[in-house]
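Participant: Here's a structure for you.
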Amino acid sequence: AIARAHQTVVVGAADLDTAQHLGVPLNAPTAEARCIVADKDGVVIYVGEITYPGDYVRLNIELIP
């Protein structure tokens, strides 16, 4: 069972490698997302690291206790 999920989003700019992979200009805006999900014992069961082009970013955040 999932006990904790945490996501961090950092807005930045595409370096050369990222620009080539995303097909965007160098220094184009990007959003780097990292999501970590852990169980009740603190064991990480999922890690996601994704870089999005800046023009495709939309945050929908639902906050629950």
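The way I read the labels, and the way they are meant: chains A, B, ... in the order of the structure tokens, residue 1 as the first residue of every chain, and ligand 1 as the first ligand shown, with later ones counted on from there.
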Got a sec: who's within 10 Å of A:Ala33, counting only C-alpha atoms, leaving out chain neighbours fewer than 6 positions off, as a PDB file with all heavy atoms, in the first residue's frame?
Facilitator:
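selection-v3.pdb was written with the following content:
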```pdb
ATOM      1  N   GLN A   7       6.265  14.733  -5.035  1.00  0.00           N
ATOM      2  CA  GLN A   7       6.706  15.145  -6.366  1.00  0.00           C
ATOM      3  C   GLN A   7       7.328  16.527  -6.278  1.00  0.00           C
ATOM      4  O   GLN A   7       6.807  17.410  -5.608  1.00  0.00           O
ATOM      5  CB  GLN A   7       5.546  15.172  -7.353  1.00  0.00           C
ATOM      6  CG  GLN A   7       5.971  15.614  -8.753  1.00  0.00           C
ATOM      7  CD  GLN A   7       4.909  15.353  -9.779  1.00  0.00           C
ATOM      8  OE1 GLN A   7       4.588  14.212 -10.053  1.00  0.00           O
ATOM      9  NE2 GLN A   7       4.345  16.398 -10.333  1.00  0.00           N
ATOM     10  N   THR A   8       8.444  16.693  -6.960  1.00  0.00           N
ATOM     11  CA  THR A   8       9.124  17.978  -7.060  1.00  0.00           C
ATOM     12  C   THR A   8       9.160  18.372  -8.534  1.00  0.00           C
ATOM     13  O   THR A   8       9.470  17.540  -9.388  1.00  0.00           O
ATOM     14  CB  THR A   8      10.568  17.876  -6.530  1.00  0.00           C
ATOM     15  OG1 THR A   8      10.520  17.435  -5.178  1.00  0.00           O
ATOM     16  CG2 THR A   8      11.278  19.208  -6.601  1.00  0.00           C
ATOM     17  N   VAL A   9       8.836  19.631  -8.815  1.00  0.00           N
ATOM     18  CA  VAL A   9       8.908  20.149 -10.176  1.00  0.00           C
ATOM     19  C   VAL A   9       9.830  21.359 -10.163  1.00  0.00           C
ATOM     20  O   VAL A   9       9.650  22.275  -9.360  1.00  0.00           O
ATOM     21  CB  VAL A   9       7.517  20.552 -10.716  1.00  0.00           C
ATOM     22  CG1 VAL A   9       7.629  21.159 -12.111  1.00  0.00           C
ATOM     23  CG2 VAL A   9       6.573  19.353 -10.719  1.00  0.00           C
ATOM     24  N   VAL A  10      10.830  21.331 -11.047  1.00  0.00           N
ATOM     25  CA  VAL A  10      11.785  22.426 -11.160  1.00  0.00           C
ATOM     26  C   VAL A  10      11.695  23.004 -12.564  1.00  0.00           C
ATOM     27  O   VAL A  10      11.819  22.268 -13.552  1.00  0.00           O
ATOM     28  CB  VAL A  10      13.230  21.939 -10.888  1.00  0.00           C
ATOM     29  CG1 VAL A  10      14.218  23.075 -11.078  1.00  0.00           C
ATOM     30  CG2 VAL A  10      13.340  21.340  -9.509  1.00  0.00           C
ATOM     31  N   VAL A  11      11.453  24.302 -12.648  1.00  0.00           N
ATOM     32  CA  VAL A  11      11.418  24.985 -13.942  1.00  0.00           C
ATOM     33  C   VAL A  11      12.838  25.427 -14.259  1.00  0.00           C
ATOM     34  O   VAL A  11      13.522  26.002 -13.417  1.00  0.00           O
ATOM     35  CB  VAL A  11      10.454  26.192 -13.904  1.00  0.00           C
ATOM     36  CG1 VAL A  11      10.500  26.955 -15.215  1.00  0.00           C
ATOM     37  CG2 VAL A  11       9.039  25.720 -13.602  1.00  0.00           C
ATOM     38  N   GLY A  48       9.981   8.258 -10.627  1.00  0.00           N
ATOM     39  CA  GLY A  48       9.827   8.753 -11.995  1.00  0.00           C
ATOM     40  C   GLY A  48      10.567  10.060 -12.153  1.00  0.00           C
ATOM     41  O   GLY A  48      10.456  10.947 -11.298  1.00  0.00           O
ATOM     42  N   GLU A  49      11.367  10.157 -13.210  1.00  0.00           N
ATOM     43  CA  GLU A  49      12.071  11.396 -13.528  1.00  0.00           C
ATOM     44  C   GLU A  49      11.778  11.735 -14.980  1.00  0.00           C
ATOM     45  O   GLU A  49      12.142  10.972 -15.878  1.00  0.00           O
ATOM     46  CB  GLU A  49      13.569  11.245 -13.302  1.00  0.00           C
ATOM     47  CG  GLU A  49      13.932  11.043 -11.852  1.00  0.00           C
ATOM     48  CD  GLU A  49      15.425  10.954 -11.621  1.00  0.00           C
ATOM     49  OE1 GLU A  49      16.119  10.283 -12.409  1.00  0.00           O
ATOM     50  OE2 GLU A  49      15.891  11.560 -10.648  1.00  0.00           O
ATOM     51  N   ILE A  50      11.094  12.846 -15.187  1.00  0.00           N
ATOM     52  CA  ILE A  50      10.648  13.223 -16.526  1.00  0.00           C
ATOM     53  C   ILE A  50      10.979  14.695 -16.755  1.00  0.00           C
ATOM     54  O   ILE A  50      10.785  15.528 -15.868  1.00  0.00           O
ATOM     55  CB  ILE A  50       9.131  13.019 -16.681  1.00  0.00           C
ATOM     56  CG1 ILE A  50       8.763  11.569 -16.368  1.00  0.00           C
ATOM     57  CG2 ILE A  50       8.662  13.401 -18.073  1.00  0.00           C
ATOM     58  CD1 ILE A  50       7.280  11.314 -16.252  1.00  0.00           C
ATOM     59  N   THR A  51      11.461  15.006 -17.957  1.00  0.00           N
ATOM     60  CA  THR A  51      11.688  16.394 -18.344  1.00  0.00           C
ATOM     61  C   THR A  51      10.711  16.742 -19.458  1.00  0.00           C
ATOM     62  O   THR A  51      10.655  16.060 -20.482  1.00  0.00           O
ATOM     63  CB  THR A  51      13.131  16.626 -18.820  1.00  0.00           C
ATOM     64  OG1 THR A  51      14.025  16.262 -17.768  1.00  0.00           O
ATOM     65  CG2 THR A  51      13.365  18.088 -19.189  1.00  0.00           C
ATOM     66  N   TYR A  52       9.935  17.784 -19.238  1.00  0.00           N
ATOM     67  CA  TYR A  52       8.927  18.233 -20.189  1.00  0.00           C
ATOM     68  C   TYR A  52       9.364  19.537 -20.846  1.00  0.00           C
ATOM     69  O   TYR A  52       9.959  20.388 -20.179  1.00  0.00           O
ATOM     70  CB  TYR A  52       7.601  18.520 -19.481  1.00  0.00           C
ATOM     71  CG  TYR A  52       6.981  17.343 -18.796  1.00  0.00           C
ATOM     72  CD1 TYR A  52       7.153  17.148 -17.428  1.00  0.00           C
ATOM     73  CD2 TYR A  52       6.204  16.436 -19.503  1.00  0.00           C
ATOM     74  CE1 TYR A  52       6.565  16.072 -16.781  1.00  0.00           C
ATOM     75  CE2 TYR A  52       5.617  15.349 -18.855  1.00  0.00           C
ATOM     76  CZ  TYR A  52       5.796  15.174 -17.493  1.00  0.00           C
ATOM     77  OH  TYR A  52       5.220  14.119 -16.866  1.00  0.00           O
TER      78      TYR A  52
END
```
Participant: Neighbours of A:Leu26 within 9 Å (only C-alpha atoms; same-chain residues fewer than 6 positions away dropped), as a PyMOL selection string?
Facilitator: chain A and resi 13-20
Participant: Just list the residues in stretch 7-53 of chain A DSSP gives strand (DSSP E or B) on the backbone, as a PyMOL selection string.
Facilitator: chain A and resi 7-13+29-39+44-53
Participant: Between A:Gly42, A:Ile64, A:Pro53, A:Arg58, which has the minimum distance to A:Leu22 (counting only C-alpha atoms)?
Facilitator: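 Answer, going by the shortest atom-to-atom distance: A:Pro53.
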Participant: Smallest atom-to-atom distance to A:Leu59: which of A:Ala1, A:Ala31, A:Val24, A:Ile36, using only C-alpha atoms?
Facilitator: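 Checking each candidate against A:Leu59, we get A:Ala31 as the closest.
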Participant: Have a look at A:Gly12, A:Gly23, A:Arg4, A:Pro29 and name the one nearest to A:Asp55; count only C-alpha atoms.
Facilitator: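 Checking each of A:Gly12, A:Gly23, A:Arg4, A:Pro29 against A:Asp55, counting only C-alpha atoms, the winner is A:Pro29.
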Participant: Mind giving me the straight-line distance from atom CA of A:Val43 to atom CA of A:Ala5 in Å, one decimal?
Facilitator: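 A separation of 11.5 Å between them.
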